[in-house]
Each structure stands twice: as C-alpha cells, then as structure tokens.
Amino acid sequence: MEEVAKKSLNFIEEIVEKDLKEGKNDNRLQTRFPPEPNGYLHIGHAKAICMDFGIAQRYGGICNLRFDDTNPSKEDVEYVDSIQEDIKWLGFEWGNIYYASDYFPQLWDLAVQLIKDGKAYIDEQSAEEIAKQKGTPTTPGTESPYRNRPVEENLALFAKMNTGEIPEGAMVLRAKIDMASPNMHFRDPIMYRIITSHPHHRTGTQWKAYPMYDYAHGQSDYFEGVTHSICTLEFVVHRPLYDWFIDQFADSDYRPRQYEFNRLNITYTVMSKRKMLQLVQEGVVAGWDDPRMPTICGLRRRGYTPEAIRDFIDRIGYTKVDGMIDVSLLEHSIREDLKPKAHRVSALFDPIKLVITNYPEGQKEYMTTDNNPDNEAAGTREMPFGKEIFIERGDFMEDAPKDFFRLTPGGREVRLKSAYIIQCTGCEKDENGQVTTVYCTYDPDTKSGTEGSKRKVKSTINWLDKDGCIEAEVRLYDRLFKVEDPAAYDGDFHDLLNEDSLEIKTALVEKHLEGAQAGDHFQFLKIGYFTVDKDSQDGKLILNRTVSLKDNWAKK
C-alpha cells in the first residue's frame, strides 16, 4: 500500500483503496482477465493485463485467468496456449485458470429458472427480424410475437435447443425485460443461441446451445467471487444488464462490481481482431507474430521487451476518456529499456573496402571496445583489426563539400572507432565509376586508449575487419499503415498499407554475432536496435530492426 501511495493513483486504484479501507468484500480483492480464445493478444490486451494482474499484485489480491469460450465457431486451443504464453512473458502469474465452459451446467440451470420465473422465452424469429423489432435509441421496440408463450412450451423448446433437434439459427432464448427501455441492451437481450457447425474445443459436441457474453460473463464473475470486474469503456452501456442478471440469482450481499477504463488506440495501427485475421489470412503479413503486427507475440519477435511494454502502459495511464496514443511513445519506451542493455556493435549496410597502405602486411591486432558504454557491467570485447577493413560507403566521399567531416581525400583525418586515426590518400573505381576501394594511411601513435588517442578529430566512423565479419540478413520493419488512424477510414483499409513496411537487406556484422540466439538484442552503432529472429539458423543470421535510434517518421 505504501509503495502505491508514492505516485498518484489512477481512478480504479482509488476505488480499490477505498473498498479495502471500508472492509468491503470481506477485505478481499479479486480480479480476472477474461479473453476470448479467438485470436492472439495484442497490445491493447496488454493494457488490460497490466490492470487486472497488476492491481491484484499491488494490493495483495488474486487475479484469475478465465477464457470466455462461449463461441466455438471462432475458438481454438492454439489461442488458449498463446494467451497463457503472452501473459507469462509480460511478467504476470494467474491465481487459477477457469473457462466459461466450466459453468455451462450452472448457466443452463439459471436460464431454466429464469424461464420458470417468466423472465425468459424462446424466440423463433430470424436475427434480422429481432434486430428490426429492437427499435432505436429514441423509439421503443416492438414485442416479439413469442414473448408471452407458455412457460412449459419455453422449457420444452429450450431443452430441444441443446439436443440437436433444432437447427442452428432457428431459435434463441431471450430475457424478458423491457422493450421500451432507453438502454437498448435491456430490450429482451439474447441469452442463448444454437451452434452445431463447430465442436467446442473443450466440451466437444456435448452442448448445442451456448450462452451469450452478456449473460455468461457476470454470472461467471459471481461464481468465482470476483470483486472488481474491470473492462473497457464500450462495456459501460452493458453494465446495467450485467447487474440485472446477477440480481436475478444472487443470494447474499456480495456483488461483483464492473468498472471501465479507456481502451488503447495507437497511431498507424489497427486493433481489430477481424482486420488482423484478414491480414494474416491474405498473406499481407507473415502470421500473427509478424513483427509489424501489434500482437504481443509480434512485438516480442520484433524485439520489444516486457519491461518496455509495461513502461509504455504505465506512461499512458488509465482514464475514462478514449483517445489516440502516438506510437512514438511506445518506441521511446523500448529505446529507453534497451539503451543500457543492448550490446553496441558495428554493422555495415553498404560496405566498401578500405586498405591501410602503411599498416604492416600480415599483422593482426585486437582492439578493446566497450559492449555498452552506458553499462560498465556489460564488459568489453576484442575486435580484430588488420590492413584490410570495411567501412560504410556513406562515410566516404571523393569530392566532398566543406561540411563533410568524414573520409575524403585531401588531408582530412577521421578516427576509426576504438582504433586509429586515418587519412585518405585516394580510391579505386570500377568501369562504371563506382568506388570499390579506398586507400588510407594510419597514425600508429593514435591507438585508442593510449596517450596519442587524445588527439581530436571531427569524425569517428565504424569499421569491420575483413576477417572479423559475417553476412547477415537484416529485416527493416516500419509502420504497417501510412496514416495515423487507419480505423477511421471508410474505404478499403488495404489502400492505407505502407508498401515500405518491410525492406530486406544483406549487411556485414561483427563475427561474434554468429553465436547469438533468437531474442538477443543489439544496437547497431548509428543505426538502431535489432534483435535476432527465430528464423535464424547455423550459417544464416537474421536480425529484425526493433526501432531506429531516433524517430525518423516525423521527418517523413
């Protein structure tokens, strides 16, 4: 409690503290994270995870994981497994794992009781007819012609809904509440529908009638003893119905209470599961874990860390007003997290050979360089150095303007990082006029770490020894969409895709990276942060760009 008080509380933390102070729910705090296993979690879910699990963690409560598996046509064990993996990767542990399907018998019995109490009925109209009869927010709905059918008839038909005798879509069970209610969700909401086209991932074909979310969710919270049912703002209008269903069955003073916070919307991103599934199925991206996707597994593959995601969510906070968060804030969080962690290495995307003409033939020495100057504990490594090295082509210019301070003929000196000061003496070109080799001399008295290294020059450039580098495939990922709010576009969202969201290049990197493992992080000097991709194999190193060193998108 003391640790939480050190920073300003969000409104849900204030509610929790007040409830605990007043001794509500027998001083219990119990939350739940209730994903539907119909897709992979995205960063919007990460915000909910940090709230549900984080608040229980901070106040000594319990957060359970409950899969809302009430729609077998969209659900799969693959998604169940991925959701558990993502939660653990983010750094959280659940108290228990539950499934809405655990409560199918209890939910069925409660529905039967509602029918007996005259509070539910079987409707045989089509979905379109029911929708038309709902009315509008300003005009009352029209009662179903089946609304007042006898209780015994409703009970018999409800039983048949679950035996397979009734085809999918032929009838539904509706709660009998108020067709004139200003809250559209109170206008006889559907409680059960028939699904026979897909077996359930846990119960197989045992059930044919499945409960709807609005009916199953609150009762599941009640069965489990949830005290604070936290969800996003679109469920505000559902809350009265959540309470109504619980009130029909609750047999004590205990009630779970629903609270809502703003959902996460990020620029240049879509959070719709439907659109993300479409991108995967159409091959626009290479799966749910494509590093351009906002899925947690996609961010993980791109090189984002749990710490960076939690930091980002902590920065944006929780409010009662929806808004749009700039993706550059997420990128800032990963830069800040990787800056003291990632080893800094040389990588050349357009290498050109450099020969040091006065360097002893056949000599090889090793230059000591810091793995991370911001983290002394990261240690040092030795880089081989000899007569022939590679530099970045952009660090050389034959006919350079006065404000070009890198390598050029004419007496200007530059330092090779962690090595010597050199001076260009000329270059060699091919038949097309393309520079193939740069020639330089070096000053042997200027080795880094010696007294001579104190001599100042205006530029330091990166290099790789010809025997100390390997080729690597580098995947340069960028934002998947080229507009800030693709979700607001009325047309085909494919028109908004950024055709430059992936560029694949071959680069030279330091040879010691050939032992790197999937998920290892590196900062390519002057370029950006990269992580080893899971597609890497022996002899084929693949790295993904996590983020550039600076936000270059604003300039675009």
# chains A, B, ... in the order shown; residues from 1 in each chain; ligands from 1

$ residues_around --residues "segment 358-372 of chain A" --least-positions-apart "2" --cutoff "9 Å" --atoms "only C-alpha atoms" --output "number ranges by chain"
A: 339-345, 355-356, 374-387, 417-419, 440-442, 444, 447-449

$ write_last_selection --atoms "N, CA and C atoms" --output "CSV table (one decimal), in the first residue's frame"
chain,number,residue,atom,x,y,z
A,339,LYS,N,18.6,0.8,-24.2
A,339,LYS,CA,19.8,1.6,-24.2
A,339,LYS,C,20.9,1.1,-23.2
A,340,PRO,N,20.6,0.7,-21.9
A,340,PRO,CA,21.6,0.2,-21.1
A,340,PRO,C,21.8,-1.3,-21.2
A,341,LYS,N,21.0,-2.0,-22.0
A,341,LYS,CA,21.0,-3.5,-22.1
A,341,LYS,C,21.7,-4.0,-23.3
A,342,ALA,N,21.4,-3.4,-24.4
A,342,ALA,CA,21.9,-4.0,-25.7
A,342,ALA,C,23.4,-3.7,-26.0
A,343,HIS,N,24.1,-4.7,-26.4
A,343,HIS,CA,25.5,-4.6,-26.8
A,343,HIS,C,25.6,-3.7,-28.1
A,344,ARG,N,26.5,-2.8,-28.1
A,344,ARG,CA,26.6,-2.0,-29.3
A,344,ARG,C,27.7,-2.6,-30.2
A,345,VAL,N,27.3,-2.8,-31.4
A,345,VAL,CA,28.2,-3.5,-32.4
A,345,VAL,C,28.2,-2.7,-33.7
A,355,VAL,N,41.8,0.0,-47.5
A,355,VAL,CA,43.1,-0.6,-47.4
A,355,VAL,C,44.0,0.4,-46.7
A,356,ILE,N,44.6,0.1,-45.6
A,356,ILE,CA,45.6,1.0,-44.9
A,356,ILE,C,47.0,0.6,-45.4
A,374,ASP,N,27.1,2.7,-21.6
A,374,ASP,CA,26.2,3.2,-20.5
A,374,ASP,C,26.1,2.1,-19.4
A,375,ASN,N,26.8,1.0,-19.6
A,375,ASN,CA,26.6,-0.1,-18.6
A,375,ASN,C,28.0,-0.7,-18.4
A,376,GLU,N,28.7,-0.3,-17.4
A,376,GLU,CA,30.1,-0.8,-17.2
A,376,GLU,C,30.1,-2.3,-16.9
A,377,ALA,N,29.0,-2.9,-16.3
A,377,ALA,CA,28.9,-4.3,-16.1
A,377,ALA,C,28.8,-5.1,-17.3
A,378,ALA,N,28.5,-4.5,-18.5
A,378,ALA,CA,28.4,-5.2,-19.7
A,378,ALA,C,29.8,-5.7,-20.2
A,379,GLY,N,30.8,-5.1,-19.7
A,379,GLY,CA,32.2,-5.6,-20.0
A,379,GLY,C,32.7,-5.1,-21.4
A,380,THR,N,33.7,-5.7,-21.9
A,380,THR,CA,34.3,-5.3,-23.2
A,380,THR,C,34.5,-6.6,-24.0
A,381,ARG,N,34.9,-6.3,-25.3
A,381,ARG,CA,35.2,-7.4,-26.2
A,381,ARG,C,36.4,-7.0,-27.1
A,382,GLU,N,37.0,-7.9,-27.8
A,382,GLU,CA,38.1,-7.7,-28.6
A,382,GLU,C,37.7,-7.8,-30.1
A,383,MET,N,38.0,-6.7,-30.9
A,383,MET,CA,37.7,-6.7,-32.3
A,383,MET,C,39.0,-6.8,-33.1
A,384,PRO,N,39.1,-7.8,-34.0
A,384,PRO,CA,40.3,-7.9,-34.8
A,384,PRO,C,40.4,-6.7,-35.7
A,385,PHE,N,41.7,-6.4,-36.0
A,385,PHE,CA,42.0,-5.2,-36.8
A,385,PHE,C,43.2,-5.6,-37.7
A,386,GLY,N,43.1,-5.3,-39.0
A,386,GLY,CA,44.3,-5.5,-39.9
A,386,GLY,C,44.3,-4.5,-41.0
A,387,LYS,N,45.1,-4.9,-42.0
A,387,LYS,CA,45.4,-4.0,-43.1
A,387,LYS,C,44.2,-3.7,-43.9
A,417,LYS,N,36.6,4.0,-35.0
A,417,LYS,CA,36.2,3.8,-33.6
A,417,LYS,C,37.0,2.7,-32.9
A,418,SER,N,37.5,3.0,-31.7
A,418,SER,CA,38.3,2.1,-30.9
A,418,SER,C,39.6,1.7,-31.5
A,419,ALA,N,40.0,2.4,-32.6
A,419,ALA,CA,41.3,2.0,-33.3
A,419,ALA,C,42.2,3.3,-33.5
A,440,CYS,N,44.1,4.5,-47.5
A,440,CYS,CA,44.4,5.4,-46.4
A,440,CYS,C,45.7,5.1,-45.8
A,441,THR,N,46.2,6.0,-45.0
A,441,THR,CA,47.3,5.7,-44.1
A,441,THR,C,46.9,5.9,-42.7
A,442,TYR,N,47.6,5.3,-41.7
A,442,TYR,CA,47.2,5.5,-40.3
A,442,TYR,C,48.3,6.0,-39.5
A,444,PRO,N,50.2,5.3,-36.3
A,444,PRO,CA,50.3,4.3,-35.2
A,444,PRO,C,50.4,4.8,-33.8
A,447,LYS,N,46.4,5.1,-31.3
A,447,LYS,CA,45.6,4.0,-30.9
A,447,LYS,C,44.7,4.4,-29.7
A,448,SER,N,43.5,4.0,-29.8
A,448,SER,CA,42.5,4.3,-28.7
A,448,SER,C,43.0,3.7,-27.4
A,449,GLY,N,42.9,4.5,-26.3
A,449,GLY,CA,43.4,4.0,-25.0
A,449,GLY,C,44.8,4.4,-24.7

$ residues_around --residues "segment 275-289 of chain A" --least-positions-apart "5" --cutoff "10 Å" --atoms "only C-alpha atoms" --output "JSON, numbers by chain"
{"A": [38, 39, 40, 41, 42, 270, 294, 295, 296, 297, 298, 299, 300, 301, 302, 480, 487, 493, 494, 497, 502]}

$ residues_around --residues "segment 190-205 of chain A" --least-positions-apart "2" --cutoff "8 Å" --atoms "only C-alpha atoms" --output "ChimeraX atom specification"
/A:71-73,75-77,101,161-162,164,166-175,188,207-212,214-215

$ closest_residue --among "A:Arg393, A:His332, A:Arg475, A:Arg415" --to "Val438 of chain A" --atoms "only C-alpha atoms"
A:Arg393

$ select_by_dssp --residues "segment 130-265 of chain A" --states "alpha helix (DSSP H)" --output "JSON, numbers by chain"
{"A": [130, 131, 132, 133, 151, 152, 153, 154, 155, 156, 157, 158, 159, 160, 161, 213, 214, 215, 216, 217, 218, 219, 220, 221, 222, 223, 224, 239, 240, 241, 242, 243, 244, 245, 246, 247, 248, 249]}

$ write_last_selection --atoms "C-alpha atoms" --output "PDB file, in the first residue's frame"
ATOM      1  CA  ILE A 130     -35.301  -9.439 -33.949  1.00  0.00           C
ATOM      2  CA  ALA A 131     -32.963  -6.579 -34.860  1.00  0.00           C
ATOM      3  CA  LYS A 132     -35.781  -4.641 -36.551  1.00  0.00           C
ATOM      4  CA  GLN A 133     -38.062  -5.050 -33.550  1.00  0.00           C
ATOM      5  CA  VAL A 151     -43.605 -21.453 -19.583  1.00  0.00           C
ATOM      6  CA  GLU A 152     -43.886 -25.189 -20.256  1.00  0.00           C
ATOM      7  CA  GLU A 153     -43.579 -24.619 -24.004  1.00  0.00           C
ATOM      8  CA  ASN A 154     -40.487 -22.450 -23.445  1.00  0.00           C
ATOM      9  CA  LEU A 155     -38.924 -25.131 -21.242  1.00  0.00           C
ATOM     10  CA  ALA A 156     -39.553 -27.850 -23.798  1.00  0.00           C
ATOM     11  CA  LEU A 157     -38.127 -25.821 -26.677  1.00  0.00           C
ATOM     12  CA  PHE A 158     -35.120 -24.771 -24.610  1.00  0.00           C
ATOM     13  CA  ALA A 159     -34.328 -28.422 -23.925  1.00  0.00           C
ATOM     14  CA  LYS A 160     -34.604 -29.184 -27.644  1.00  0.00           C
ATOM     15  CA  MET A 161     -32.174 -26.366 -28.441  1.00  0.00           C
ATOM     16  CA  TYR A 213     -21.357 -12.986 -23.387  1.00  0.00           C
ATOM     17  CA  ASP A 214     -23.691 -10.569 -21.574  1.00  0.00           C
ATOM     18  CA  TYR A 215     -25.369 -13.450 -19.784  1.00  0.00           C
ATOM     19  CA  ALA A 216     -22.339 -15.647 -19.093  1.00  0.00           C
ATOM     20  CA  HIS A 217     -19.838 -13.002 -18.067  1.00  0.00           C
ATOM     21  CA  GLY A 218     -21.443 -11.554 -14.956  1.00  0.00           C
ATOM     22  CA  GLN A 219     -22.555 -14.947 -13.677  1.00  0.00           C
ATOM     23  CA  SER A 220     -19.015 -16.320 -14.135  1.00  0.00           C
ATOM     24  CA  ASP A 221     -17.678 -13.374 -12.122  1.00  0.00           C
ATOM     25  CA  TYR A 222     -20.228 -14.157  -9.421  1.00  0.00           C
ATOM     26  CA  PHE A 223     -19.449 -17.884  -9.329  1.00  0.00           C
ATOM     27  CA  GLU A 224     -15.726 -17.147  -8.932  1.00  0.00           C
ATOM     28  CA  ARG A 239     -23.166  -2.641 -17.013  1.00  0.00           C
ATOM     29  CA  PRO A 240     -26.888  -2.298 -16.089  1.00  0.00           C
ATOM     30  CA  LEU A 241     -27.556  -5.625 -17.814  1.00  0.00           C
ATOM     31  CA  TYR A 242     -24.525  -7.156 -16.046  1.00  0.00           C
ATOM     32  CA  ASP A 243     -26.083  -6.084 -12.736  1.00  0.00           C
ATOM     33  CA  TRP A 244     -29.610  -7.168 -13.733  1.00  0.00           C
ATOM     34  CA  PHE A 245     -28.604 -10.748 -14.464  1.00  0.00           C
ATOM     35  CA  ILE A 246     -26.668 -11.043 -11.196  1.00  0.00           C
ATOM     36  CA  ASP A 247     -29.590  -9.600  -9.251  1.00  0.00           C
ATOM     37  CA  GLN A 248     -31.853 -12.397 -10.516  1.00  0.00           C
ATOM     38  CA  PHE A 249     -29.757 -15.067  -8.796  1.00  0.00           C
TER      39      PHE A 249
END

$ closest_residue --among "A:Arg28, A:Pro409, A:Asp337, A:Ala180" --to "Thr142 of chain A" --atoms "only C-alpha atoms"
A:Ala180

$ residues_around --residues "Ile421 of chain A" --least-positions-apart "5" --cutoff "12 Å" --atoms "only C-alpha atoms" --output "JSON, numbers by chain"
{"A": [356, 406, 407, 411, 412, 413, 414, 415, 416, 440, 441, 442, 443, 444, 445, 446, 447, 448, 452, 453, 454, 455, 456, 457, 458, 459, 460, 461]}

$ select_by_dssp --residues "segment 199-446 of chain A" --states "strand (DSSP E)" --output "number ranges by chain"
A: 209-211, 228-232, 257-261, 343-345, 347-348, 351-356, 365-370, 380-385, 388-392, 413-416, 421-429, 435-443

$ residues_around --residues "Gly60 of chain A" --least-positions-apart "3" --cutoff "8 Å" --atoms "only C-alpha atoms" --output "ChimeraX atom specification"
/A:29,56-57

$ residues_around --residues "Phe11 of chain A" --least-positions-apart "3" --cutoff "8 Å" --atoms "only C-alpha atoms" --output "PyMOL selection string"
chain A and resi 14-15+318-319

$ closest_residue --among "A:Glu484, A:Glu510, A:Asp109, A:Glu78" --to "Phe522 of chain A" --atoms "only C-alpha atoms"
A:Glu510

$ atom_distance --atom1 "atom CA of Ala48 of chain A" --atom2 "atom CA of Ser501 of chain A"
27.8 Å
